[in-house]
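Peer 1: What follows is a structure written as structure tokens; I'll ask about it next.
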Amino acid sequence: MRRRKRMLEDLDQDIRDHIERETEDNIGRGMSAEEARRQAFLKFGNVRRVTEETRAVWTRIWLEQILQDIRFALRLLRKSPAFTITVVLTLALGIGATTSIFTLFYDVLLRSLAVANPAELYRLGKEARCCYWGGYSQDSEFSLVSYDLYKHFRDHTQGFAELAAFQASDPLLSVQRSGSVEAAQTYPGEFVSGNYFTMFGVRPYAGRLLTSTDDRPGAPAVAVMSYRLWRQNGSDPSVIGAVFVIDNTPFTIVGITPPNFFGDTLRSDPPDFFLPLNSETLVPEADAGDINQADQYWLDLIGRIQPGAKPASIETDMRVELKQWLRSHWSEISANDRAKFPEQTLFLRPGGSGITSMREEYEHWLQILMMVSAFVLLIVCANVANLMLVRGMQRRREISVSVALGAHAWRLVRQALTESILLSLAGGMAGLVVAFAGTQLILYFAFPSARGSAGIPINASPSMPVLLFAFSASLIAAVVFGIAPAWMTTRVDPIEALRGAGRSTTRTGSLPRKTLVVFQAALSLVLLAASGLLTAALHRLENQRFGFLQEQRTIVTINPGLVGYQPNQFTTLYDRIRDSLSSVPGVSAVAICQYSPLSGNNWATIVWVNGRPAPGPNDENVENMVYWDRVTPGYFDAIGTQIIKGRSISKEDTATSQHVAVVNEAFEHKYFNNENPIGKYFGRPDLGSPRLYEIVGVSQDARYLDFDFDKPIGPFFYLPEAQHDVDPKTGQDSGPGAHHLHDIILVTRPGITVSSAQIRQAMVSVDPRLPITSIRTLGEQVSDQFRQQRLIAQLSSFFGMLSLVLASIGLYGVTGYNVGRRTKEIGVRMALGATPAQAAALTIRGAFALVAIGLGAGFPLALAAGRFLGSQLYGLNPYDPAVVLLAILTLSFSTLVAALVPALHASRISPSEALRAE
Amino acid sequence: MSTKEQKERIELLQGTLDLLILRTLLLGPTHGHAIAKAIEFRSDEVLQVEQGSLYPALHRLIKRGWISVEAGTSENNRRAKFYKLSAKGRRQLDVETSKWNKLAGAIARILRPAEPEGES
């Protein structure tokens, strides 16, 4: 290419020199100056042509031709702006929708952590497990570890260059800068081993990150702050070295994480503070685990393997180490756990994406959205193909002239494809804008940043893979919608087209367009059925019997553990909170519980019913886990759950009275099939007694858990806050954490709203240090549970409607075209006595025939889509006939609407005019 | 678009012109105008080359590597581009010359017997 430039640079000069010499020669032969110059030019020939031909020697012909094609296509597109804009916008919708879903798909399912060489990272556990586990056995695999077990693995596994541990749960910390007058605020935090940052290979943005020296008993309390929080608070450099009071303990901030580092897990509330594992003993109330207990598993593991080490052999080593460790604790292991010893094992998995709980949670629904948006893109392509075909018909004459003049078929196809690709790329570029807006909208609705935290670390602005995706989607779309119209152009018969003068009666072009409409109808049916199923499933979820009342209920979430109350002070504290909030005008009742319904948390245990054999190893599984809650007196009235038998928990249930429990109907049904449970006793094997609680009441079933929505409500029991369980081994409270009640339920009088300010004020009068995490209505808390389901139902409904509109436009186009083509035929029919109604019916019949074929083709696909949705339907029949029927009716109705205008047109054809027109 | 026919015609003409250029340069490097003059002169003015067509041909030969180009000064001390036959071009000249001789011979053989074969 550079040679070409050099060679052509002084071509003009060479030619001028040449003519100059010839002129001089001619003068030498005795010509006049003027004549000599004229003759020289004459002899040289056309200078312009010579220049061009010489240039052509150095030009690659195909490149030149492509540029020519592009210039020509641009000129054509400029000539029909309406067509161009319609196509570009339609494509922008299709490509934008697909790209926006792909952005989420990529970020949630494919992206690696922003750390050095993520491929070298391996994590413990096939599946992400949250967040605590106790005892000396774990179901199916050891995926959580205790601090003791972590040290055992770290010190014995040769294959890891660095093995780090970090907290599996995501606690909220109460944080206040030392000396600040502002109230303490809550931020997500995480306890991590000292080598956590070294293992990930990340560098500090400022200051330093944690080291192994920081993570030792007795080391000075230090912490690392997230870049996000630091920025949010004005990028104050004095933060480094400053003391922050975290859960009543002073910590010195030593550094800031790099901007793109969001911890080990993709989640909507990434940690803002990283604390060394050993500082867990300084803040024992932080809901972490217990660093000194060997059988408290609350840590996840990620390690960086030695270069060249084999993950499989590391896994084998670690399995052996696990067994060694368990044997070294043999004396502490219960009989049940000993029985499970042989099957204890573990698995290593690639950890470059970190802990992938979110991936598992969202995988299926992202796949669904990806499919749905791909279908929309296909429908968009069909619509554009349709427009291109119409355009091809309009350009028939022009093309046949080209063919008559000897244009090659290949060149014409290439010309048409160039046009498609240009349109598609323009559509793709506009689609990026749509995608950016769409992604942001979806992120906003799907992951609202809760509790003042960072929000999901997903960026809506397109990354390189997203750009590549959009580009390839555009190219593929161009081929999909452009190839048929391009091929059609080659089938133009020049004579026929010219003779017909644009009113050709050939059927060419009709069949492909009809096929497209059938295809669109089929795809639309699938999308409509799928979105109908998802919407119906959502409706069922939202309108199920929850077993509590949502109206007039507000939940105030607090964390009393954070400000250093002792176990024996809680009951008094809760009484004071209740009194203070009850005095707020408009509040009719107040009760407090550990976790309110659907708040996303609950404790669970194995139940041992008095008079039955103690649960054996085979009984200790997830299916037998019974969830429970601690509540204050008046709780059942406040939450609106009815007591069916016996009594509810009352003020008479004190620390010293008989320990009691209220169970739900499912509990009664499972453990006391035909007996009356009132007055019976049950207990827990881990506390060594079947006689811990006397059942005093049975309540209706209420939905507490935020999973298993497709299953009936399971067994559940309630314990009074005032009564403490005692661990028979230590004589201490076996679960003081259960007395940290988090949720205050306020019942307000009808028609009255109590403001947050009033609530905060009432809480300040109890204890100004008590951090309030959130205030929201119970209705909001419930509907938040179905946020994803709602979003996916809404998105797929939107896509379904979009596809329906596009398909209708396609159908309208084809029907209208057919009426135009058959004007003469209809005119003849009417001359022979057909009524206008018959003419209209003829048209509508044609449209319905097409859609009927589409329905036939789409029906099995729609059933398959129902199967694919599967678990997202929460027990709704995936072949729900009502939904499928509704989808068919919707499609038929829009067919009717689309065919109506052309049908009216057909009924108004005047026979005489139609015949004269030919 | 009748580019194909035109191309064939150009190629025929251009092949001959190429041969003439190569043959001229065998005598030594020279500039464009001199080549045109030499062809006219050596053919006793029979071959009237449209001088412009020389340039596409020269560039084609450069692209094929048969000739090279260098800066120099012409007879009256003017700056000019001198075209020079390369080793590859020299070999090509042999090939082209023998091809031309064969062609000329063949055509001559076809044309010669035409007279005696007439009504005698």
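Chain lettering (A, B, ...) mirrors the order of the structure tokens, residue numbering begins at 1 for each chain separately, and ligand numbering begins at 1 in order of display.
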With only C-alpha atoms considered, list every residue of chain B at most 9 Å from chain A, as a VMD selection string.
Peer 2: chain B and resid 1 to 2 31 to 34 48 to 60 63 80 to 81
Peer 1: Just to be explicit: take each residue in the selection above, keep N, CA, C and O atoms, and write the result as a short mmCIF file (atom, residue, chain, number, x, y, z; two decimals), in the first residue's frame.
Peer 2:
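So the final result, stored in again.cif, reads:
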data_model
loop_
_atom_site.label_atom_id
_atom_site.label_comp_id
_atom_site.auth_asym_id
_atom_site.auth_seq_id
_atom_site.Cartn_x
_atom_site.Cartn_y
_atom_site.Cartn_z
N MET B 1 -22.47 -3.99 -18.25
CA MET B 1 -21.08 -3.63 -17.99
C MET B 1 -20.15 -4.54 -18.78
O MET B 1 -19.97 -5.70 -18.45
N SER B 2 -19.61 -3.99 -19.83
CA SER B 2 -18.85 -4.82 -20.76
C SER B 2 -17.37 -4.77 -20.45
O SER B 2 -16.55 -4.75 -21.34
N HIS B 31 14.06 7.62 -19.64
CA HIS B 31 12.81 8.14 -19.09
C HIS B 31 11.67 7.95 -20.06
O HIS B 31 11.86 7.55 -21.21
N GLY B 32 10.43 8.20 -19.58
CA GLY B 32 9.20 7.88 -20.30
C GLY B 32 9.13 8.44 -21.70
O GLY B 32 8.86 7.72 -22.66
N HIS B 33 9.42 9.73 -21.84
CA HIS B 33 9.30 10.36 -23.15
C HIS B 33 10.27 9.74 -24.14
O HIS B 33 9.92 9.47 -25.29
N ALA B 34 11.47 9.46 -23.65
CA ALA B 34 12.48 8.87 -24.53
C ALA B 34 12.05 7.51 -25.03
O ALA B 34 12.31 7.13 -26.19
N GLN B 48 2.62 4.25 -34.15
CA GLN B 48 2.31 5.49 -33.47
C GLN B 48 1.68 5.14 -32.11
O GLN B 48 0.51 4.82 -32.03
N VAL B 49 2.51 5.19 -31.07
CA VAL B 49 1.98 4.87 -29.74
C VAL B 49 1.25 6.09 -29.20
O VAL B 49 1.77 7.21 -29.31
N GLU B 50 0.06 5.84 -28.66
CA GLU B 50 -0.58 6.92 -27.91
C GLU B 50 0.24 7.07 -26.65
O GLU B 50 0.25 6.17 -25.80
N GLN B 51 0.98 8.17 -26.55
CA GLN B 51 2.03 8.24 -25.54
C GLN B 51 1.52 8.02 -24.12
O GLN B 51 2.21 7.46 -23.28
N GLY B 52 0.29 8.47 -23.86
CA GLY B 52 -0.27 8.33 -22.51
C GLY B 52 -0.33 6.88 -22.05
O GLY B 52 -0.10 6.58 -20.88
N SER B 53 -0.66 5.98 -22.99
CA SER B 53 -0.85 4.59 -22.61
C SER B 53 0.44 3.95 -22.11
O SER B 53 0.43 2.86 -21.55
N LEU B 54 1.55 4.66 -22.31
CA LEU B 54 2.82 4.17 -21.82
C LEU B 54 2.84 4.06 -20.30
O LEU B 54 3.42 3.14 -19.73
N TYR B 55 2.18 5.02 -19.65
CA TYR B 55 2.31 5.10 -18.18
C TYR B 55 1.63 3.96 -17.42
O TYR B 55 2.27 3.35 -16.58
N PRO B 56 0.37 3.64 -17.76
CA PRO B 56 -0.19 2.44 -17.10
C PRO B 56 0.68 1.22 -17.34
O PRO B 56 0.92 0.43 -16.42
N ALA B 57 1.21 1.11 -18.57
CA ALA B 57 2.03 -0.05 -18.91
C ALA B 57 3.30 -0.06 -18.06
O ALA B 57 3.69 -1.11 -17.52
N LEU B 58 3.94 1.11 -17.92
CA LEU B 58 5.17 1.18 -17.12
C LEU B 58 4.90 0.76 -15.68
O LEU B 58 5.65 0.00 -15.08
N HIS B 59 3.80 1.28 -15.15
CA HIS B 59 3.48 0.94 -13.75
C HIS B 59 3.17 -0.53 -13.57
O HIS B 59 3.51 -1.13 -12.56
N ARG B 60 2.51 -1.12 -14.60
CA ARG B 60 2.22 -2.54 -14.54
C ARG B 60 3.52 -3.34 -14.49
O ARG B 60 3.66 -4.30 -13.73
N LYS B 63 5.07 -3.08 -11.14
CA LYS B 63 4.37 -3.91 -10.15
C LYS B 63 4.77 -5.37 -10.30
O LYS B 63 4.89 -6.08 -9.31
N ALA B 80 14.52 13.63 -13.90
CA ALA B 80 13.59 12.74 -14.57
C ALA B 80 13.63 11.38 -13.91
O ALA B 80 14.56 11.06 -13.19
N LYS B 81 12.57 10.59 -14.19
CA LYS B 81 12.55 9.21 -13.67
C LYS B 81 13.11 8.31 -14.74
O LYS B 81 12.69 8.35 -15.89
#
Peer 1: Which residues are close to Thr815 (chain A), i.e. within 9 Å by only C-alpha atoms, leaving aside same-chain residues fewer than 6 positions away? Reply as a ChimeraX atom specification.
Peer 2: /A:843-844,846-847,898-899,902-903
Peer 1: Using only C-alpha atoms, find the one residue out of A:Tyr362, A:Phe273, A:Tyr817, A:Phe375 that sits nearest to Leu527 (chain A).
Peer 2: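 Checking each candidate against Leu527 (chain A), we get A:Phe375 as the closest.
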Peer 1: Which residues are close to Asn602 (chain A), i.e. within 12 Å by only C-alpha atoms, leaving aside same-chain residues fewer than 5 positions away? Reply as a PyMOL selection string.
Peer 2: chain A and resi 131-132+593-597+625-630+703-707+716-718+737-738+741-743
Peer 1: Per DSSP on the backbone, what are the alpha helix (DSSP H) residues of region 661-790 of chain A, as a PyMOL selection string?
Peer 2: chain A and resi 665-671+756-766+778-785+787-790
Peer 1: Pick from A:Gly697, A:Pro715, A:Pro276, A:Pro259: nearest to Ile291 (chain A), with only C-alpha atoms counted?
Peer 2: A:Pro276
